[in-house]
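final-v3.json follows (JSON, C-alpha atoms):
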[["chain", "number", "residue", "atom", "x", "y", "z"],
["W", 246, "MET", "CA", 0.00, 0.00, 0.00],
["W", 247, "LYS", "CA", 1.35, 3.40, -0.97],
["W", 248, "ILE", "CA", 0.01, 6.75, 0.28],
["W", 249, "ARG", "CA", 0.87, 9.82, -1.78],
["W", 250, "GLU", "CA", -0.34, 13.31, -2.50],
["W", 251, "ALA", "CA", -2.96, 13.40, -5.24],
["W", 252, "THR", "CA", -2.27, 14.99, -8.62],
["W", 253, "GLU", "CA", -4.60, 16.30, -11.31],
["W", 254, "LYS", "CA", -4.37, 13.02, -13.22],
["W", 255, "ASP", "CA", -5.89, 11.26, -10.18],
["W", 256, "LEU", "CA", -9.08, 13.36, -10.23],
["W", 257, "PRO", "CA", -11.23, 11.02, -12.38],
["W", 258, "GLU", "CA", -10.40, 8.03, -10.17],
["W", 259, "ILE", "CA", -10.96, 10.04, -6.96],
["W", 260, "VAL", "CA", -14.40, 11.12, -8.20],
["W", 261, "LYS", "CA", -15.24, 7.55, -9.26],
["W", 262, "ILE", "CA", -14.36, 6.27, -5.77],
["W", 263, "GLY", "CA", -16.33, 9.10, -4.14],
["W", 264, "ILE", "CA", -19.45, 8.32, -6.15],
["W", 265, "ALA", "CA", -19.15, 4.54, -5.68],
["W", 266, "THR", "CA", -18.70, 4.81, -1.92],
["W", 267, "TRP", "CA", -21.51, 7.36, -1.54],
["W", 268, "ARG", "CA", -23.85, 5.00, -3.39],
["W", 269, "THR", "CA", -22.95, 1.98, -1.25],
["W", 270, "THR", "CA", -22.54, 3.76, 2.10],
["W", 271, "TYR", "CA", -25.49, 6.15, 1.93],
["W", 272, "ALA", "CA", -28.09, 3.96, 0.20],
["W", 273, "GLY", "CA", -31.21, 4.16, 2.32],
["W", 274, "MET", "CA", -29.99, 7.33, 4.08],
["W", 275, "ILE", "CA", -29.78, 9.79, 1.19],
["W", 276, "PRO", "CA", -32.57, 9.84, -1.42],
["W", 277, "ALA", "CA", -31.89, 7.39, -4.27],
["W", 278, "GLU", "CA", -32.45, 10.15, -6.84],
["W", 279, "THR", "CA", -29.69, 12.27, -5.29],
["W", 280, "LEU", "CA", -27.27, 9.33, -5.40],
["W", 281, "ALA", "CA", -28.27, 8.42, -8.97],
["W", 282, "ASN", "CA", -27.72, 12.01, -10.15],
["W", 283, "MET", "CA", -24.09, 12.15, -9.01],
["W", 284, "SER", "CA", -22.04, 12.54, -12.18],
["W", 285, "GLN", "CA", -18.41, 11.89, -12.99],
["W", 286, "GLU", "CA", -18.20, 15.04, -15.13],
["W", 287, "TRP", "CA", -19.54, 17.34, -12.42],
["W", 288, "GLY", "CA", -17.27, 15.80, -9.79],
["W", 289, "VAL", "CA", -14.11, 16.12, -11.90],
["W", 290, "GLU", "CA", -14.88, 19.75, -12.80],
["W", 291, "LYS", "CA", -15.54, 20.64, -9.16],
["W", 292, "ARG", "CA", -12.26, 19.01, -8.07],
["W", 293, "LYS", "CA", -10.32, 20.71, -10.90],
["W", 294, "LYS", "CA", -11.62, 24.06, -9.65],
["W", 295, "THR", "CA", -10.52, 23.24, -6.08],
["W", 296, "LEU", "CA", -7.09, 22.12, -7.33],
["W", 297, "ALA", "CA", -6.70, 25.34, -9.36],
["W", 298, "GLU", "CA", -7.56, 27.39, -6.26],
["W", 299, "LYS", "CA", -5.02, 25.43, -4.23],
["W", 300, "LEU", "CA", -2.30, 25.94, -6.85],
["W", 301, "ALA", "CA", -3.15, 29.65, -7.04],
["W", 302, "GLY", "CA", -2.73, 29.89, -3.27],
["W", 303, "THR", "CA", -6.35, 30.91, -2.63],
["W", 304, "LYS", "CA", -7.45, 27.63, -1.04],
["W", 305, "GLU", "CA", -5.66, 25.36, 1.39],
["W", 306, "TRP", "CA", -6.83, 21.85, 0.56],
["W", 307, "HIS", "CA", -4.86, 18.63, 0.89],
["W", 308, "THR", "CA", -5.71, 15.37, -0.86],
["W", 309, "PHE", "CA", -3.92, 12.06, -0.50],
["W", 310, "VAL", "CA", -4.61, 8.80, -2.33],
["W", 311, "ALA", "CA", -3.97, 5.19, -1.38],
["W", 312, "GLU", "CA", -2.67, 2.90, -4.11],
["W", 313, "ASP", "CA", -2.71, -0.88, -3.92],
["W", 314, "ASP", "CA", 0.31, -2.97, -4.89],
["W", 315, "ASN", "CA", -0.69, -2.68, -8.57],
["W", 316, "GLY", "CA", -0.79, 1.14, -8.46],
["W", 317, "LYS", "CA", -4.60, 1.29, -8.53],
["W", 318, "ILE", "CA", -6.16, 4.02, -6.39],
["W", 319, "VAL", "CA", -8.40, 2.41, -3.77],
["W", 320, "GLY", "CA", -9.12, 5.36, -1.49],
["W", 321, "PHE", "CA", -8.55, 9.04, -0.80],
["W", 322, "ILE", "CA", -8.74, 11.67, 1.92],
["W", 323, "ASP", "CA", -9.29, 15.45, 1.76],
["W", 324, "GLY", "CA", -8.68, 17.99, 4.49],
["W", 325, "GLY", "CA", -7.62, 21.51, 5.36],
["W", 326, "PRO", "CA", -8.83, 24.40, 7.51],
["W", 327, "GLN", "CA", -12.18, 23.97, 9.24],
["W", 328, "ARG", "CA", -14.97, 25.20, 6.95],
["W", 329, "GLY", "CA", -18.23, 27.00, 7.47],
["W", 330, "GLU", "CA", -19.44, 29.24, 10.23],
["W", 331, "GLU", "CA", -22.80, 27.65, 11.02],
["W", 332, "HIS", "CA", -21.47, 24.48, 12.66],
["W", 333, "LYS", "CA", -17.90, 25.58, 13.39],
["W", 334, "ILE", "CA", -16.32, 24.03, 16.47],
["W", 335, "PRO", "CA", -14.22, 26.49, 18.50],
["W", 336, "ASP", "CA", -10.54, 25.69, 19.02],
["W", 337, "CYS", "CA", -10.37, 23.23, 16.11],
["W", 338, "ALA", "CA", -8.23, 24.53, 13.26],
["W", 339, "GLY", "CA", -8.41, 21.67, 10.77],
["W", 340, "GLU", "CA", -11.07, 19.51, 9.21],
["W", 341, "LEU", "CA", -11.10, 16.12, 7.56],
["W", 342, "TYR", "CA", -13.43, 16.93, 4.65],
["W", 343, "ALA", "CA", -13.83, 13.47, 3.17],
["W", 344, "MET", "CA", -12.32, 10.01, 3.31],
["W", 345, "TYR", "CA", -13.52, 7.20, 1.10],
["W", 346, "VAL", "CA", -12.05, 3.74, 0.65],
["W", 347, "LEU", "CA", -13.49, 1.17, -1.76],
["W", 348, "LYS", "CA", -15.44, -1.48, 0.13],
["W", 349, "ALA", "CA", -13.08, -4.30, -0.94],
["W", 350, "HIS", "CA", -10.18, -2.45, 0.70],
["W", 351, "GLN", "CA", -11.85, -1.48, 3.96],
["W", 352, "GLN", "CA", -10.77, -3.05, 7.26],
["W", 353, "LYS", "CA", -7.20, -3.40, 5.92],
["W", 354, "GLY", "CA", -5.53, -0.32, 7.43],
["W", 355, "VAL", "CA", -5.98, 1.89, 4.36],
["W", 356, "GLY", "CA", -8.16, 4.42, 6.17],
["W", 357, "ARG", "CA", -5.74, 4.67, 9.07],
["W", 358, "GLN", "CA", -2.80, 5.29, 6.72],
["W", 359, "LEU", "CA", -4.73, 7.99, 4.85],
["W", 360, "PHE", "CA", -5.81, 9.54, 8.16],
["W", 361, "LEU", "CA", -2.21, 9.69, 9.41],
["W", 362, "ALA", "CA", -1.02, 11.28, 6.15],
["W", 363, "LEU", "CA", -3.59, 14.06, 6.54],
["W", 364, "VAL", "CA", -2.80, 14.54, 10.24],
["W", 365, "ARG", "CA", 0.91, 14.95, 9.44],
["W", 366, "ARG", "CA", 0.11, 17.50, 6.73],
["W", 367, "LEU", "CA", -2.20, 19.49, 9.00],
["W", 368, "LEU", "CA", 0.51, 19.58, 11.65],
["W", 369, "GLU", "CA", 3.01, 20.84, 9.04],
["W", 370, "CYS", "CA", 0.50, 23.61, 8.29],
["W", 371, "LYS", "CA", 0.29, 24.53, 12.01],
["W", 372, "MET", "CA", -3.19, 23.04, 12.44],
["W", 373, "ASN", "CA", -2.89, 21.08, 15.68],
["W", 374, "SER", "CA", -6.55, 20.11, 16.00],
["W", 375, "MET", "CA", -9.20, 18.73, 13.66],
["W", 376, "VAL", "CA", -12.88, 17.87, 13.28],
["W", 377, "VAL", "CA", -14.77, 15.50, 11.01],
["W", 378, "HIS", "CA", -18.48, 15.51, 10.18],
["W", 379, "VAL", "CA", -20.04, 12.08, 9.65],
["W", 380, "LEU", "CA", -23.65, 11.06, 9.17],
["W", 381, "GLU", "CA", -25.08, 9.46, 12.29],
["W", 382, "LYS", "CA", -26.07, 6.26, 10.45],
["W", 383, "ASN", "CA", -22.74, 5.93, 8.63],
["W", 384, "PRO", "CA", -21.08, 2.69, 9.83],
["W", 385, "SER", "CA", -17.68, 4.40, 9.48],
["W", 386, "ARG", "CA", -18.42, 6.41, 12.63],
["W", 387, "LYS", "CA", -16.85, 3.52, 14.53],
["W", 388, "PHE", "CA", -13.55, 4.15, 12.69],
["W", 389, "TYR", "CA", -13.36, 7.72, 13.98],
["W", 390, "GLU", "CA", -14.21, 6.61, 17.51],
["W", 391, "LYS", "CA", -11.56, 3.87, 17.36],
["W", 392, "ILE", "CA", -8.82, 6.33, 16.36],
["W", 393, "GLY", "CA", -9.60, 8.66, 19.22],
["W", 394, "GLY", "CA", -12.24, 11.00, 17.84],
["W", 395, "GLU", "CA", -14.11, 12.67, 20.69],
["W", 396, "TYR", "CA", -17.83, 13.31, 20.22],
["W", 397, "LEU", "CA", -18.35, 17.09, 20.04],
["W", 398, "ALA", "CA", -21.83, 17.79, 18.66],
["W", 399, "THR", "CA", -24.74, 16.67, 16.50],
["W", 400, "ASN", "CA", -26.47, 18.92, 13.97],
["W", 401, "THR", "CA", -29.31, 18.39, 11.54],
["W", 402, "ILE", "CA", -28.37, 18.88, 7.89],
["W", 403, "GLU", "CA", -30.21, 18.40, 4.62],
["W", 404, "ILE", "CA", -29.00, 16.40, 1.61],
["W", 405, "GLY", "CA", -31.27, 15.91, -1.38],
["W", 406, "GLY", "CA", -34.28, 17.01, 0.66],
["W", 407, "ALA", "CA", -33.63, 14.48, 3.45],
["W", 408, "LYS", "CA", -32.98, 15.73, 6.98],
["W", 409, "LEU", "CA", -30.03, 13.84, 8.46],
["W", 410, "GLU", "CA", -28.13, 13.91, 11.73],
["W", 411, "ASP", "CA", -24.52, 15.03, 11.30],
["W", 412, "VAL", "CA", -22.20, 13.91, 14.11],
["W", 413, "ILE", "CA", -19.03, 15.89, 14.70],
["W", 414, "TYR", "CA", -15.93, 14.26, 16.16],
["W", 415, "GLY", "CA", -12.76, 16.09, 17.08],
["W", 416, "TRP", "CA", -9.15, 15.69, 18.01],
["W", 417, "LYS", "CA", -7.93, 18.57, 20.18],
["W", 418, "ASP", "CA", -4.23, 17.66, 19.84],
["W", 419, "LEU", "CA", -3.17, 15.91, 16.63],
["W", 420, "ARG", "CA", 0.42, 15.59, 17.89],
["W", 421, "ILE", "CA", -0.74, 12.76, 20.17],
["W", 422, "ILE", "CA", -1.91, 10.72, 17.16],
["W", 423, "THR", "CA", 1.49, 10.88, 15.45],
["W", 424, "GLN", "CA", 3.21, 9.67, 18.64],
["W", 425, "GLU", "CA", 1.08, 6.51, 18.87],
["W", 426, "LYS", "CA", 2.59, 3.30, 17.56]]
Would it be possible to restate this file's structure as structure tokens?
Amino acid sequence: MKIREATEKDLPEIVKIGIATWRTTYAGMIPAETLANMSQEWGVEKRKKTLAEKLAGTKEWHTFVAEDDNGKIVGFIDGGPQRGEEHKIPDCAGELYAMYVLKAHQQKGVGRQLFLALVRRLLECKMNSMVVHVLEKNPSRKFYEKIGGEYLATNTIEIGGAKLEDVIYGWKDLRIITQEK
């Protein structure tokens, strides 16, 4: 397994993984029509815009990919400064925006390796704390709890017309994570 910073050529595969994992993870939580309407083209264009903003220095956004032994991307993670004002958690500088690993590669340490890569990058950027938002019914909540995420809050959000509970976990000191063996 290799973890590396994503490049523009990775965008189509990142979007494909994002869509595939949304459709398997959120089926029954998010309206089927919303999941069906997710498009590869829209996702790639949105990510190209974010990458352009990062390269121009107007957006701090970090993306890492996990490659299997054959060089195939099997997961990714995005993070940077905490976003939004409405549900902002005080004293948390960073945010894990998204992490998706293909189902066949889950429970194999891929998520943990991606998580650690992002934590190290946030620390390099002087962000010593971090939050993650995860849907209450998402089975991956257990992952964040297992790696030390502390429950901070629950908010109601809307996706595709469905009202969902959004659970926020946080790590007040990311340096502790990098010291664990």
- [ ] Would you please work out which residue, of W:Gly356, W:Glu390, W:Lys254, W:Arg366, is nearest to W:Lys293 when using only C-alpha atoms?
- [x]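 Between W:Gly356, W:Glu390, W:Lys254, W:Arg366, the residue approaching W:Lys293 most closely is W:Lys254.
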Task: Option closest in space to W:Pro326, from W:Glu305, W:Asp314, W:Asp255, W:Glu298 [counting only C-alpha atoms] - done: W:Glu305
Stretch 255-342 of chain W residues near stretch 349-355 of chain W within 8 Å, closest pair each, using all atoms listed in the file, as JSON lines:
{"residue": "W:Ala311", "atom": "CA", "partner": "W:Val355", "partner_atom": "CA", "distance": 6.9}
{"residue": "W:Val319", "atom": "CA", "partner": "W:His350", "partner_atom": "CA", "distance": 6.8}
{"residue": "W:Gly320", "atom": "CA", "partner": "W:Val355", "partner_atom": "CA", "distance": 7.5}
Mind dumping the selected residues with C-alpha atoms as a PDB file, keeping the file's coordinate frame?
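What follows is the written file selection.pdb:
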ATOM      1  CA  ALA W 311      -3.970   5.190  -1.380  1.00  0.00           C
ATOM      2  CA  VAL W 319      -8.400   2.410  -3.770  1.00  0.00           C
ATOM      3  CA  GLY W 320      -9.120   5.360  -1.490  1.00  0.00           C
TER       4      GLY W 320
END
Task: Nearest candidate to W:Asn400 (options W:Leu347, W:Val412, W:Val310, W:Val377; using only C-alpha atoms) - done: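 Closest candidate: W:Val412.
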TODO: Mind checking which residues fall within 12 Å of W:Arg268, counting only C-alpha atoms, ignoring those fewer than 4 positions away in the same chain, and posting them as a list of chain:residue names?
DONE: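 Everything that qualifies: W:Lys261, W:Ile262, W:Gly263, W:Ile264, W:Ala272, W:Gly273, W:Met274, W:Ile275, W:Pro276, W:Ala277, W:Glu278, W:Thr279, W:Leu280, W:Ala281, W:Asn282, W:Met283, W:Ser284, W:Tyr345, W:Leu347, W:Lys348.
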Open item on the list: Measuring between only C-alpha atoms, which one of W:Leu296, W:Ala251, W:Met375, W:Val289 shows the shortest distance to W:Tyr389?
Closed with: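 Counting only C-alpha atoms, the residue closest to W:Tyr389 is W:Met375.
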Task: Option closest in space to W:Met372, from W:Glu410, W:Glu330, W:Asp418, W:Glu403 [counting only C-alpha atoms] - done: W:Asp418
- [ ] Considering only C-alpha atoms, state which residue in the set W:Glu369, W:Pro257, W:Arg357, W:Lys299 is at the smallest distance from W:Trp287.
- [x] W:Pro257
